[in-house]
file my_file-v7.cif (mmCIF, C-alpha atoms and all ligand atoms)
data_run
loop_
_atom_site.label_atom_id
_atom_site.label_comp_id
_atom_site.auth_asym_id
_atom_site.auth_seq_id
_atom_site.Cartn_x
_atom_site.Cartn_y
_atom_site.Cartn_z
CA MET A 1 -2.33 -1.00 51.06
CA LYS A 2 -3.45 -2.43 47.71
CA ILE A 3 -4.27 0.60 45.59
CA VAL A 4 -5.51 0.97 41.99
CA LEU A 5 -4.49 4.24 40.30
CA THR A 6 -6.73 5.23 37.36
CA GLY A 7 -4.58 7.24 34.96
CA GLY A 8 -1.59 5.70 36.74
CA ALA A 9 0.60 5.80 33.63
CA GLY A 10 0.16 9.58 33.31
CA TYR A 11 2.45 12.33 34.57
CA ILE A 12 1.17 12.68 38.16
CA GLY A 13 -0.34 9.19 38.51
CA SER A 14 2.91 7.45 37.58
CA ALA A 15 4.92 9.66 39.98
CA CYS A 16 2.48 8.63 42.73
CA LEU A 17 2.71 4.97 41.76
CA ARG A 18 6.52 4.99 41.97
CA TRP A 19 6.34 6.87 45.29
CA LEU A 20 3.79 4.38 46.77
CA LEU A 21 6.00 1.45 45.71
CA ASP A 22 8.97 3.08 47.46
CA HIS A 23 6.86 3.62 50.60
CA GLY A 24 5.62 0.09 51.24
CA HIS A 25 2.30 0.06 49.33
CA ASP A 26 1.11 -2.25 46.53
CA PRO A 27 -0.11 -0.02 43.66
CA ILE A 28 -1.22 -0.84 40.10
CA ALA A 29 -2.12 1.52 37.25
CA PHE A 30 -5.38 1.25 35.26
CA ASP A 31 -4.87 3.43 32.18
CA ASP A 32 -6.12 3.43 28.58
CA LEU A 33 -2.78 4.91 27.39
CA SER A 34 -4.56 7.74 25.56
CA GLU A 35 -1.94 10.00 27.17
CA GLY A 36 -0.03 7.71 29.56
CA ASN A 37 3.43 6.23 29.01
CA PRO A 38 3.96 2.49 29.73
CA PRO A 39 7.69 2.92 30.60
CA SER A 40 6.72 5.31 33.41
CA VAL A 41 5.60 2.36 35.58
CA PRO A 42 6.84 -1.25 36.01
CA ALA A 43 5.31 -3.48 33.28
CA ASP A 44 3.75 -5.89 35.79
CA ARG A 45 1.92 -2.98 37.45
CA LEU A 46 0.06 -1.71 34.37
CA VAL A 47 -3.46 -2.82 33.39
CA VAL A 48 -4.58 -1.28 30.10
CA GLY A 49 -8.27 -0.36 30.22
CA ASP A 50 -10.83 2.41 29.92
CA ILE A 51 -12.46 3.78 33.10
CA LEU A 52 -15.72 4.06 31.13
CA ASP A 53 -15.78 0.24 30.96
CA THR A 54 -17.24 -0.27 34.45
CA GLU A 55 -16.95 -4.06 34.44
CA ALA A 56 -13.31 -4.02 33.28
CA MET A 57 -12.55 -1.54 36.04
CA ALA A 58 -14.44 -3.64 38.65
CA GLU A 59 -12.58 -6.75 37.49
CA ALA A 60 -9.21 -4.99 37.89
CA LEU A 61 -10.24 -3.90 41.41
CA ARG A 62 -11.34 -7.45 42.34
CA ARG A 63 -8.25 -9.10 40.86
CA HIS A 64 -5.94 -6.75 42.76
CA ARG A 65 -8.13 -7.00 45.93
CA ALA A 66 -8.01 -3.20 46.00
CA GLU A 67 -8.47 -1.42 49.32
CA ALA A 68 -8.37 2.04 47.74
CA VAL A 69 -8.63 3.86 44.41
CA MET A 70 -6.66 6.95 43.47
CA HIS A 71 -8.58 8.51 40.59
CA PHE A 72 -6.24 10.52 38.31
CA ALA A 73 -7.66 9.57 34.88
CA ALA A 74 -9.08 12.65 33.20
CA LEU A 75 -8.77 15.07 30.33
CA ALA A 76 -7.11 18.18 31.75
CA ILE A 77 -6.36 20.91 29.19
CA VAL A 78 -8.49 24.02 29.69
CA PRO A 79 -8.64 25.30 26.05
CA ASP A 80 -9.41 21.77 24.74
CA SER A 81 -12.32 21.56 27.17
CA VAL A 82 -13.79 24.76 25.72
CA LYS A 83 -13.54 23.34 22.16
CA ASP A 84 -14.70 19.81 23.02
CA PRO A 85 -16.91 19.76 26.14
CA ASP A 86 -18.56 16.51 24.96
CA ASN A 87 -15.34 14.55 25.53
CA TYR A 88 -14.61 16.31 28.84
CA TYR A 89 -18.05 15.50 30.30
CA ARG A 90 -17.73 11.91 29.02
CA VAL A 91 -14.32 11.15 30.54
CA ASN A 92 -14.34 13.40 33.60
CA VAL A 93 -17.97 13.10 34.71
CA LEU A 94 -19.28 9.80 33.26
CA GLY A 95 -15.80 8.30 33.78
CA THR A 96 -15.88 9.24 37.48
CA LYS A 97 -19.38 7.74 37.80
CA SER A 98 -18.09 4.54 36.20
CA VAL A 99 -15.14 4.41 38.64
CA LEU A 100 -17.49 4.88 41.62
CA ASP A 101 -19.89 2.19 40.31
CA ALA A 102 -16.96 -0.21 39.79
CA MET A 103 -15.84 0.48 43.36
CA ARG A 104 -19.33 -0.38 44.66
CA ARG A 105 -19.37 -3.63 42.64
CA ALA A 106 -15.94 -4.59 44.00
CA ASN A 107 -16.54 -3.29 47.56
CA VAL A 108 -13.64 -0.83 47.56
CA PRO A 109 -14.12 1.47 50.57
CA ARG A 110 -12.00 4.56 49.83
CA ILE A 111 -11.02 6.98 47.04
CA VAL A 112 -8.51 9.81 46.66
CA PHE A 113 -9.59 12.16 43.86
CA SER A 114 -7.44 14.51 41.75
CA SER A 115 -9.33 17.77 41.72
CA THR A 116 -7.97 21.16 40.80
CA CYS A 117 -7.79 24.81 41.77
CA ALA A 118 -9.41 25.39 38.35
CA THR A 119 -12.74 24.71 40.14
CA TYR A 120 -12.47 28.12 41.87
CA GLY A 121 -12.70 30.60 38.99
CA THR A 122 -11.15 34.03 38.76
CA ARG A 123 -12.98 36.00 41.42
CA ALA A 124 -12.02 34.19 44.63
CA GLU A 125 -9.64 35.96 47.02
CA MET A 126 -6.06 34.70 47.35
CA PRO A 127 -4.74 32.55 48.88
CA LEU A 128 -7.34 29.87 48.21
CA THR A 129 -8.60 27.68 51.04
CA GLU A 130 -11.05 24.78 51.19
CA GLN A 131 -13.76 27.37 52.03
CA SER A 132 -13.16 29.65 49.02
CA PRO A 133 -16.24 29.74 46.74
CA GLN A 134 -16.06 27.39 43.76
CA ALA A 135 -17.24 28.94 40.49
CA PRO A 136 -15.48 27.28 37.54
CA GLU A 137 -15.34 29.29 34.33
CA HIS A 138 -14.62 26.57 31.76
CA PRO A 139 -15.81 23.00 31.07
CA TYR A 140 -12.65 21.44 32.54
CA GLY A 141 -13.26 23.12 35.92
CA THR A 142 -17.00 22.38 35.76
CA THR A 143 -16.46 18.68 35.09
CA LYS A 144 -13.98 18.43 37.98
CA LEU A 145 -16.42 20.17 40.35
CA ALA A 146 -19.22 17.81 39.17
CA ALA A 147 -16.96 14.85 39.93
CA GLU A 148 -16.24 16.22 43.43
CA ARG A 149 -19.98 16.53 44.16
CA MET A 150 -20.68 13.05 42.77
CA ILE A 151 -18.04 11.53 45.07
CA GLN A 152 -19.57 13.34 48.06
CA ASP A 153 -23.11 12.21 47.14
CA TYR A 154 -21.98 8.58 46.68
CA ALA A 155 -20.09 8.82 49.98
CA SER A 156 -23.10 9.96 51.97
CA ALA A 157 -25.45 7.43 50.34
CA TYR A 158 -23.18 4.39 50.18
CA GLY A 159 -20.67 4.96 53.00
CA LEU A 160 -17.56 5.57 50.91
CA GLY A 161 -14.49 7.25 52.47
CA TYR A 162 -12.88 9.95 50.35
CA ALA A 163 -10.18 12.59 50.12
CA ILE A 164 -10.53 15.28 47.46
CA LEU A 165 -7.20 16.97 46.69
CA ARG A 166 -7.43 20.25 44.78
CA TYR A 167 -3.98 20.52 43.24
CA PHE A 168 -2.34 23.67 41.97
CA ASN A 169 0.22 23.49 39.13
CA ALA A 170 2.00 20.13 39.13
CA ALA A 171 5.63 20.45 38.06
CA GLY A 172 9.07 18.84 38.15
CA ALA A 173 10.43 15.33 37.62
CA ASP A 174 11.85 12.52 39.75
CA PRO A 175 14.92 14.02 41.48
CA ASP A 176 17.27 11.45 39.85
CA GLY A 177 16.03 12.55 36.39
CA SER A 178 14.77 9.03 35.55
CA HIS A 179 11.08 9.92 34.97
CA GLY A 180 9.19 13.08 34.09
CA GLU A 181 6.61 14.84 31.96
CA ASP A 182 6.07 13.58 28.39
CA ARG A 183 2.80 14.44 26.67
CA ARG A 184 1.59 14.09 23.11
CA HIS A 185 0.86 17.79 22.92
CA GLU A 186 2.62 19.87 25.60
CA THR A 187 0.90 23.04 26.84
CA HIS A 188 2.47 23.53 30.31
CA LEU A 189 4.82 26.41 31.04
CA ILE A 190 7.88 24.70 32.53
CA PRO A 191 8.31 21.87 29.98
CA LEU A 192 7.67 24.32 27.10
CA THR A 193 10.25 26.79 28.44
CA LEU A 194 12.83 24.01 28.84
CA GLN A 195 12.07 22.70 25.34
CA VAL A 196 12.96 26.17 24.03
CA ALA A 197 16.18 26.06 26.10
CA ALA A 198 16.98 22.66 24.52
CA GLY A 199 16.54 24.15 21.02
CA ARG A 200 13.41 22.14 20.25
CA ARG A 201 11.19 25.22 19.91
CA PRO A 202 12.18 28.68 18.65
CA ARG A 203 10.74 30.76 21.52
CA LEU A 204 8.34 30.79 24.45
CA LEU A 205 5.15 32.77 24.01
CA ILE A 206 4.26 34.72 27.16
CA TYR A 207 0.48 34.97 27.41
CA GLY A 208 -0.10 38.51 28.63
CA ASP A 209 2.15 41.01 30.42
CA ASP A 210 -0.60 43.39 31.52
CA TRP A 211 -2.14 41.32 34.32
CA PRO A 212 -2.58 42.95 37.74
CA THR A 213 0.48 41.16 39.20
CA ARG A 214 3.99 42.24 40.34
CA ASP A 215 5.52 42.04 36.84
CA GLY A 216 2.35 41.88 34.71
CA THR A 217 2.52 38.10 34.06
CA CYS A 218 0.32 35.40 35.65
CA VAL A 219 1.17 33.99 39.09
CA ARG A 220 0.85 30.24 39.74
CA ASP A 221 1.64 27.99 42.69
CA TYR A 222 3.94 25.25 41.35
CA ILE A 223 3.95 22.02 43.35
CA HIS A 224 6.49 19.26 42.78
CA THR A 225 5.12 15.79 41.89
CA ALA A 226 7.04 14.25 44.83
CA ASP A 227 5.16 16.59 47.20
CA LEU A 228 1.88 15.65 45.48
CA ALA A 229 2.73 11.96 45.87
CA ASP A 230 3.57 12.40 49.56
CA ALA A 231 0.17 14.06 50.08
CA HIS A 232 -1.61 11.16 48.32
CA GLN A 233 0.11 8.65 50.56
CA LYS A 234 -0.80 10.60 53.70
CA ALA A 235 -4.40 11.08 52.50
CA VAL A 236 -5.04 7.43 51.63
CA GLU A 237 -3.57 6.27 54.94
CA ALA A 238 -5.80 8.75 56.84
CA ILE A 239 -9.20 7.94 55.28
CA GLY A 240 -11.31 6.05 57.81
CA PRO A 241 -14.62 4.30 56.98
CA GLY A 242 -17.16 6.91 55.86
CA ASP A 243 -14.61 9.68 56.38
CA GLY A 244 -14.69 12.66 53.95
CA ARG A 245 -11.84 15.14 53.57
CA VAL A 246 -11.13 18.03 51.19
CA TYR A 247 -7.73 19.72 50.91
CA VAL A 248 -6.17 22.39 48.73
CA LEU A 249 -2.73 21.20 47.71
CA GLY A 250 -0.13 23.75 46.69
CA SER A 251 3.20 24.97 48.01
CA GLY A 252 1.72 28.23 49.31
CA HIS A 253 4.16 30.26 47.13
CA GLY A 254 3.46 31.93 43.80
CA ALA A 255 5.82 32.51 40.86
CA THR A 256 5.11 34.72 37.85
CA VAL A 257 5.66 33.48 34.29
CA LEU A 258 8.74 35.75 34.03
CA GLU A 259 10.12 34.39 37.33
CA VAL A 260 9.72 30.84 35.98
CA VAL A 261 11.58 31.81 32.80
CA THR A 262 14.38 33.41 34.86
CA ALA A 263 14.63 30.26 37.02
CA CYS A 264 14.89 28.17 33.83
CA GLU A 265 17.62 30.48 32.47
CA GLU A 266 19.59 30.16 35.73
CA VAL A 267 19.29 26.37 35.68
CA VAL A 268 20.28 25.89 32.02
CA GLY A 269 22.88 28.69 32.13
CA ARG A 270 21.80 30.62 29.04
CA PRO A 271 19.13 33.10 27.89
CA ILE A 272 15.81 31.67 26.65
CA PRO A 273 14.09 33.53 23.79
CA VAL A 274 10.58 34.74 24.64
CA GLU A 275 7.89 36.66 22.79
CA ARG A 276 5.17 38.56 24.60
CA THR A 277 1.72 38.01 23.16
CA GLY A 278 -1.92 38.48 24.19
CA ARG A 279 -3.68 36.92 27.17
CA ARG A 280 -4.74 33.26 26.88
CA PRO A 281 -8.53 32.92 27.31
CA GLY A 282 -9.58 31.40 30.64
CA ASP A 283 -6.32 32.23 32.51
CA PRO A 284 -6.88 33.65 36.01
CA PRO A 285 -4.18 36.25 36.88
CA THR A 286 -3.20 34.63 40.19
CA LEU A 287 -3.68 31.20 41.81
CA ILE A 288 -2.03 30.56 45.17
CA ALA A 289 -2.91 27.92 47.77
CA ASP A 290 -3.13 28.17 51.52
CA PRO A 291 -2.18 24.58 52.41
CA SER A 292 -2.49 25.02 56.20
CA LYS A 293 -5.37 22.53 56.57
CA ILE A 294 -3.50 19.59 55.02
CA ALA A 295 -0.40 20.65 56.99
CA SER A 296 -2.19 20.58 60.33
CA GLU A 297 -4.46 17.54 59.72
CA LEU A 298 -2.08 15.24 57.82
CA GLY A 299 1.34 16.66 58.80
CA TRP A 300 2.12 17.35 55.12
CA SER A 301 4.52 20.08 54.07
CA PRO A 302 6.16 20.67 50.70
CA ARG A 303 9.86 19.85 50.36
CA TYR A 304 10.10 21.93 47.17
CA THR A 305 9.30 25.57 47.95
CA ASP A 306 11.79 27.13 45.53
CA ILE A 307 10.84 27.26 41.83
CA ARG A 308 14.50 26.85 40.85
CA ALA A 309 14.77 23.52 42.68
CA ILE A 310 11.63 22.30 40.86
CA VAL A 311 12.99 23.42 37.47
CA GLU A 312 16.33 21.67 38.17
CA THR A 313 14.56 18.30 38.40
CA ALA A 314 12.55 18.97 35.21
CA TRP A 315 15.75 19.94 33.34
CA ARG A 316 17.58 16.81 34.56
CA TRP A 317 14.79 14.68 33.01
CA LEU A 318 14.41 16.68 29.79
CA SER A 319 18.12 17.07 29.06
CA THR A 320 18.82 13.33 29.57
CA HIS A 321 15.65 12.11 27.76
CA PRO A 322 15.30 14.23 24.61
CA GLU A 323 12.74 11.73 23.24
CA GLY A 324 10.89 11.45 26.55
CA TYR A 325 9.63 7.88 26.99
CA GLY A 326 9.90 7.24 23.23
CA PRO A 327 7.15 6.40 20.73
CA LYS A 328 3.62 6.63 22.10
CA PRO A 329 1.40 3.55 21.71
CA GLY A 330 -2.37 3.41 21.24
CA ARG A 331 -3.08 7.12 21.12
CA HIS A 332 -6.50 8.22 19.92
N1 LIG B 401 -1.06 18.69 35.69
C1 LIG B 401 -1.56 19.57 36.56
O1 LIG B 401 -0.97 20.64 36.81
C2 LIG B 401 -2.83 19.26 37.32
C3 LIG B 401 -3.30 20.21 38.24
C4 LIG B 401 -4.49 19.96 38.94
C5 LIG B 401 -5.16 18.74 38.76
N2 LIG B 401 -4.68 17.85 37.86
C6 LIG B 401 -5.41 16.56 37.70
O2 LIG B 401 -4.50 15.49 37.95
C7 LIG B 401 -4.85 14.36 37.16
C8 LIG B 401 -3.62 13.86 36.40
O3 LIG B 401 -3.13 14.90 35.56
P1 LIG B 401 -1.79 14.72 34.69
O4 LIG B 401 -1.21 16.06 34.51
O5 LIG B 401 -0.98 13.61 35.25
O6 LIG B 401 -2.42 14.28 33.29
P2 LIG B 401 -2.03 13.08 32.30
O7 LIG B 401 -2.77 13.31 31.04
O8 LIG B 401 -0.55 12.90 32.24
O9 LIG B 401 -2.64 11.80 33.04
C9 LIG B 401 -3.97 11.37 32.86
C10 LIG B 401 -3.93 9.87 32.58
O10 LIG B 401 -5.27 9.38 32.46
C11 LIG B 401 -5.31 8.46 31.39
N3 LIG B 401 -6.69 8.42 30.91
C12 LIG B 401 -7.38 9.40 30.26
N4 LIG B 401 -8.62 8.96 29.94
C13 LIG B 401 -8.72 7.68 30.41
C14 LIG B 401 -9.74 6.71 30.39
N5 LIG B 401 -10.93 6.95 29.80
N6 LIG B 401 -9.51 5.49 30.96
C15 LIG B 401 -8.30 5.23 31.55
N7 LIG B 401 -7.30 6.12 31.59
C16 LIG B 401 -7.50 7.33 31.02
C17 LIG B 401 -4.33 8.99 30.36
O11 LIG B 401 -3.85 7.96 29.47
C18 LIG B 401 -3.22 9.53 31.27
O12 LIG B 401 -2.24 8.53 31.51
C19 LIG B 401 -6.01 14.80 36.29
O13 LIG B 401 -7.20 14.33 36.91
C20 LIG B 401 -5.97 16.32 36.32
O14 LIG B 401 -7.24 16.87 36.17
C21 LIG B 401 -3.54 18.06 37.14
O1 LIG B 402 3.43 28.71 26.50
C1 LIG B 402 2.97 29.14 27.57
C2 LIG B 402 2.29 28.29 28.49
C3 LIG B 402 1.78 28.85 29.65
N1 LIG B 402 1.92 30.18 29.90
C4 LIG B 402 1.37 30.75 31.13
O2 LIG B 402 1.91 30.04 32.22
C5 LIG B 402 0.95 29.91 33.28
C6 LIG B 402 0.80 28.45 33.62
O3 LIG B 402 0.17 27.78 32.52
P1 LIG B 402 0.07 26.20 32.38
O4 LIG B 402 1.40 25.57 32.68
O5 LIG B 402 -0.57 25.91 31.05
O6 LIG B 402 -0.90 25.77 33.58
P2 LIG B 402 -2.40 26.23 33.91
O7 LIG B 402 -3.10 26.79 32.75
O8 LIG B 402 -2.30 27.10 35.14
O9 LIG B 402 -3.14 24.84 34.22
C7 LIG B 402 -2.52 23.73 34.90
O10 LIG B 402 -2.75 23.88 36.26
C8 LIG B 402 -4.12 23.77 36.64
C9 LIG B 402 -4.17 24.06 38.09
O11 LIG B 402 -3.74 25.41 38.28
C10 LIG B 402 -4.62 22.39 36.27
O12 LIG B 402 -5.95 22.21 36.69
C11 LIG B 402 -4.49 22.17 34.80
O13 LIG B 402 -4.86 20.82 34.52
C12 LIG B 402 -3.07 22.37 34.40
O14 LIG B 402 -2.98 22.31 32.98
C13 LIG B 402 -0.33 30.55 32.74
O15 LIG B 402 -0.38 31.87 33.21
C14 LIG B 402 -0.13 30.59 31.23
O16 LIG B 402 -0.78 31.67 30.61
C15 LIG B 402 2.59 31.01 29.02
O17 LIG B 402 2.71 32.22 29.23
N2 LIG B 402 3.10 30.46 27.88
#
call {"tool": "encode", "arguments": {"input": "my_file-v7.cif", "output": "structure tokens"}}
result
Amino acid sequence: MKIVLTGGAGYIGSACLRWLLDHGHDPIAFDDLSEGNPPSVPADRLVVGDILDTEAMAEALRRHRAEAVMHFAALAIVPDSVKDPDNYYRVNVLGTKSVLDAMRRANVPRIVFSSTCATYGTRAEMPLTEQSPQAPEHPYGTTKLAAERMIQDYASAYGLGYAILRYFNAAGADPDGSHGEDRRHETHLIPLTLQVAAGRRPRLLIYGDDWPTRDGTCVRDYIHTADLADAHQKAVEAIGPGDGRVYVLGSGHGATVLEVVTACEEVVGRPIPVERTGRRPGDPPTLIADPSKIASELGWSPRYTDIRAIVETAWRWLSTHPEGYGPKPGRH
């Protein structure tokens, strides 16, 4: 299938693009490089552009004769969204509207959307299913929920097929260590912990050890990017005309912050300095998926269910690419 991936030079988008190439599809990335890395995808598969430019997006869809869009492009850091909601509503909500309008102009019949478990809020019961009530508690989650609703409204009015995938915590790198996570400003637990292990940061701050969890630190469901990519492939292949699907997408297993640090110590073979500090605003204590719907409907199951195996891939990338993908172009 000919597929355009918005945000396809980013961490998850580029992992999906490489996966789709390896599995017989014809993907290209459409990315403004505000966070993406050109070396993460083949040069002839990258179109540089802004999703808010509807005509540029439509032109890329027409030129590639796209049969599907995977919409990854977004701003996705919770505390930044609290400080700068203007930018989050612009890129995540108006940007999604622009992508949908470009798809209508270019007659593209299906979309797979990157949503998030951050649309649920802190009060839902664990594990989370597609039926759990959505009540986001920060602008990032609100903008992602607004984008979900917009896709569903466009689908019922204009006959679009869609799959909404609510991911949990994306983690890991390509198993051969050739590609991985490289952001301008890293905030995610596993890369930060491994950067401390590599001597690039003095210590890891642990945000809260008094949460109501088994060791007092937050529990998250870490899902490897290869498992995310596999789910995207299965979802895009399953969407029929006018078909709408929603799936939660996690491994079904939770790890605490301290368990992640221990896994990192086991993988790198030495202790990692940590400092316990206060809770980070907006953090829910526990987020765990129940992925049984995507398992039964699409035959998806995660290959990475052990946090140590996920960390091993991330360490292979980080320890062999201390500069990541190198200098970042065009950042704003
Ligand atoms: N990382 C996670 O744990 C996680 C979890 C749940 C959902 N998600 C969602 O998955 C998607 C990808 O996340 P990621 O971690 O790969 O982030 P990322 O920042 O690495 O990727 C986002 C990409 O979008 C591009 N982009 C941003 N604004 C753009 C614009 N206006 N026009 C074109 N391109 C633009 C960036 O350059 C970047 O390459 C996001 O939609 C995010 O909300 C991520
Ligand atoms: O230096 C750090 C960084 C993180 N944490 C903790 O580690 C856990 C995981 O944090 P992080 O890796 O920042 O991920 P989340 O805040 O859970 O958010 C990610 O996962 C969400 C889905 O759960 C996505 O929607 C977001 O885009 C993505 O950033 C949280 O309990 C944090 O408090 C620390 O203790 N110290």
call {"tool": "residues_near_point", "arguments": {"input": "my_file-v7.cif", "point": "(12.7, 13.5, 26.1)", "cutoff": "10 Å", "atoms": "all atoms listed in the file", "output": "list in words"}}
result
His179, Gly180, Glu181, Asp182, Arg183, Gln195, Trp317, Leu318, Ser319, Thr320, His321, Pro322, Glu323, Gly324, Tyr325 and Gly326 of chain A
call {"tool": "atom_distance", "arguments": {"input": "my_file-v7.cif", "atom1": "atom CA of A:Pro109", "atom2": "atom CA of A:Val246"}}
result
16.8 Å
call {"tool": "residues_near_ligand", "arguments": {"input": "my_file-v7.cif", "ligand": "ligand LIG 402 (chain B)", "cutoff": "7 Å", "atoms": "all atoms listed in the file", "output": "ChimeraX atom specification"}}
result
/A:76-78,116-118,167-170,187-190,192,204-208,217-220,257,279-280,283,285,287
call {"tool": "closest_atom_pairs", "arguments": {"input": "my_file-v7.cif", "of": "chain A", "to": "ligand LIG 401 (chain B)", "cutoff": "9 Å", "atoms": "only C-alpha atoms and all ligand atoms", "output": "CSV"}}
result
residue,atom,partner,partner_atom,distance
A:Thr6,CA,B:LIG401,N7,5.9
A:Gly7,CA,B:LIG401,O10,3.4
A:Gly8,CA,B:LIG401,O12,6.0
A:Ala9,CA,B:LIG401,O12,4.5
A:Gly10,CA,B:LIG401,O12,3.2
A:Tyr11,CA,B:LIG401,O5,3.7
A:Ile12,CA,B:LIG401,O5,3.7
A:Gly13,CA,B:LIG401,O5,5.5
A:Ser14,CA,B:LIG401,O5,7.6
A:Ala15,CA,B:LIG401,O5,8.5
A:Ala29,CA,B:LIG401,N7,8.9
A:Phe30,CA,B:LIG401,C15,6.2
A:Asp31,CA,B:LIG401,N7,3.7
A:Asp32,CA,B:LIG401,C15,4.1
A:Leu33,CA,B:LIG401,O11,3.8
A:Ser34,CA,B:LIG401,O11,4.0
A:Glu35,CA,B:LIG401,O11,3.6
A:Gly36,CA,B:LIG401,O12,3.1
A:Asn37,CA,B:LIG401,O12,6.6
A:Pro38,CA,B:LIG401,O12,8.8
A:Val48,CA,B:LIG401,C15,7.6
A:Gly49,CA,B:LIG401,C15,5.7
A:Asp50,CA,B:LIG401,N6,3.5
A:Ile51,CA,B:LIG401,N6,4.0
A:Leu52,CA,B:LIG401,N5,5.8
A:Asp53,CA,B:LIG401,N6,8.2
A:His71,CA,B:LIG401,O13,7.0
A:Phe72,CA,B:LIG401,O13,4.2
A:Ala73,CA,B:LIG401,O10,3.4
A:Ala74,CA,B:LIG401,O13,4.5
A:Leu75,CA,B:LIG401,C12,5.8
A:Ala76,CA,B:LIG401,O14,4.6
A:Ile77,CA,B:LIG401,O14,8.1
A:Arg90,CA,B:LIG401,N5,8.5
A:Val91,CA,B:LIG401,N5,5.4
A:Asn92,CA,B:LIG401,O13,7.9
A:Gly95,CA,B:LIG401,N5,6.4
A:Phe113,CA,B:LIG401,O13,7.7
A:Ser114,CA,B:LIG401,O13,4.8
A:Ser115,CA,B:LIG401,C5,5.2
A:Thr116,CA,B:LIG401,C4,4.1
A:Cys117,CA,B:LIG401,C4,6.5
A:Ala118,CA,B:LIG401,C4,7.4
A:Tyr140,CA,B:LIG401,O14,8.0
A:Gly141,CA,B:LIG401,O14,8.7
A:Lys144,CA,B:LIG401,O14,7.2
A:Leu165,CA,B:LIG401,C5,8.4
A:Arg166,CA,B:LIG401,C4,6.5
A:Tyr167,CA,B:LIG401,C4,4.4
A:Phe168,CA,B:LIG401,C3,5.2
A:Asn169,CA,B:LIG401,O1,3.9
A:Ala170,CA,B:LIG401,O1,3.8
A:Ala171,CA,B:LIG401,O1,6.7
A:Glu181,CA,B:LIG401,O8,7.4
A:Asp182,CA,B:LIG401,O8,7.7
A:Arg183,CA,B:LIG401,O8,6.7
A:His188,CA,B:LIG401,O1,7.9
A:Tyr222,CA,B:LIG401,O1,8.1
A:Ile223,CA,B:LIG401,O1,8.3
A:Arg331,CA,B:LIG401,O11,8.4
call {"tool": "atom_distance", "arguments": {"input": "my_file-v7.cif", "atom1": "atom CA of A:Val112", "atom2": "atom CA of A:His232"}}
result
7.2 Å
call {"tool": "closest_residue", "arguments": {"input": "my_file-v7.cif", "among": "A:Tyr247, A:Tyr120, A:Tyr154, A:Trp19", "to": "A:Asp227", "atoms": "all atoms listed in the file"}}
result
A:Trp19
call {"tool": "residues_around", "arguments": {"input": "my_file-v7.cif", "residues": "A:Glu266", "least_positions_apart": "5", "cutoff": "12 Å", "atoms": "all atoms listed in the file", "output": "NGL selection string"}}
result
:A and (194 or 197 or 259-261 or 271-272 or 307-309 or 311-312 or 315)
call {"tool": "closest_residue", "arguments": {"input": "my_file-v7.cif", "among": "A:Thr313, A:Ser132, A:Thr256, A:Ser292", "to": "A:Val268", "atoms": "all atoms listed in the file"}}
result
A:Thr313
call {"tool": "closest_residue", "arguments": {"input": "my_file-v7.cif", "among": "A:Gly269, A:Gly278, A:Gly161, A:Gly244", "to": "A:Gly216", "atoms": "only C-alpha atoms"}}
result
A:Gly278
call {"tool": "closest_residue", "arguments": {"input": "my_file-v7.cif", "among": "A:Thr54, A:Gln152, A:Ser296, A:Gln233", "to": "A:Met1", "atoms": "all atoms listed in the file"}}
result
A:Gln233
call {"tool": "closest_residue", "arguments": {"input": "my_file-v7.cif", "among": "A:Lys83, A:Gly199, A:Val236, A:Gln131", "to": "A:Leu5", "atoms": "all atoms listed in the file"}}
result
A:Val236
call {"tool": "atom_distance", "arguments": {"input": "my_file-v7.cif", "atom1": "atom CA of A:Pro281", "atom2": "atom CA of A:Pro212"}}
result
15.6 Å
call {"tool": "closest_residue", "arguments": {"input": "my_file-v7.cif", "among": "A:Lys2, A:Pro202, A:Asp176, A:His138", "to": "A:Leu21", "atoms": "only C-alpha atoms"}}
result
A:Lys2
call {"tool": "build_atoms", "arguments": {"input": "my_file-v7.cif", "residues": "stretch 284-291 of chain A", "atoms": "N, CA and C atoms", "output": "PDB file, in the frame of the given file"}}
result
ATOM      1  N   PRO A 284      -6.765  32.703  34.891  1.00  0.00           N
ATOM      2  CA  PRO A 284      -6.880  33.650  36.010  1.00  0.00           C
ATOM      3  C   PRO A 284      -5.521  34.319  36.242  1.00  0.00           C
ATOM      4  N   PRO A 285      -5.479  35.591  36.687  1.00  0.00           N
ATOM      5  CA  PRO A 285      -4.180  36.250  36.880  1.00  0.00           C
ATOM      6  C   PRO A 285      -3.328  35.574  37.955  1.00  0.00           C
ATOM      7  N   THR A 286      -3.971  35.158  39.058  1.00  0.00           N
ATOM      8  CA  THR A 286      -3.200  34.630  40.190  1.00  0.00           C
ATOM      9  C   THR A 286      -3.913  33.430  40.792  1.00  0.00           C
ATOM     10  N   LEU A 287      -3.157  32.362  41.070  1.00  0.00           N
ATOM     11  CA  LEU A 287      -3.680  31.200  41.810  1.00  0.00           C
ATOM     12  C   LEU A 287      -2.633  30.797  42.830  1.00  0.00           C
ATOM     13  N   ILE A 288      -2.963  30.953  44.105  1.00  0.00           N
ATOM     14  CA  ILE A 288      -2.030  30.560  45.170  1.00  0.00           C
ATOM     15  C   ILE A 288      -2.834  29.820  46.247  1.00  0.00           C
ATOM     16  N   ALA A 289      -2.242  28.742  46.758  1.00  0.00           N
ATOM     17  CA  ALA A 289      -2.910  27.920  47.770  1.00  0.00           C
ATOM     18  C   ALA A 289      -2.538  28.369  49.175  1.00  0.00           C
ATOM     19  N   ASP A 290      -3.465  28.132  50.099  1.00  0.00           N
ATOM     20  CA  ASP A 290      -3.130  28.170  51.520  1.00  0.00           C
ATOM     21  C   ASP A 290      -3.243  26.721  52.018  1.00  0.00           C
ATOM     22  N   PRO A 291      -2.108  26.011  52.085  1.00  0.00           N
ATOM     23  CA  PRO A 291      -2.180  24.580  52.410  1.00  0.00           C
ATOM     24  C   PRO A 291      -2.179  24.283  53.905  1.00  0.00           C
TER      25      PRO A 291
END
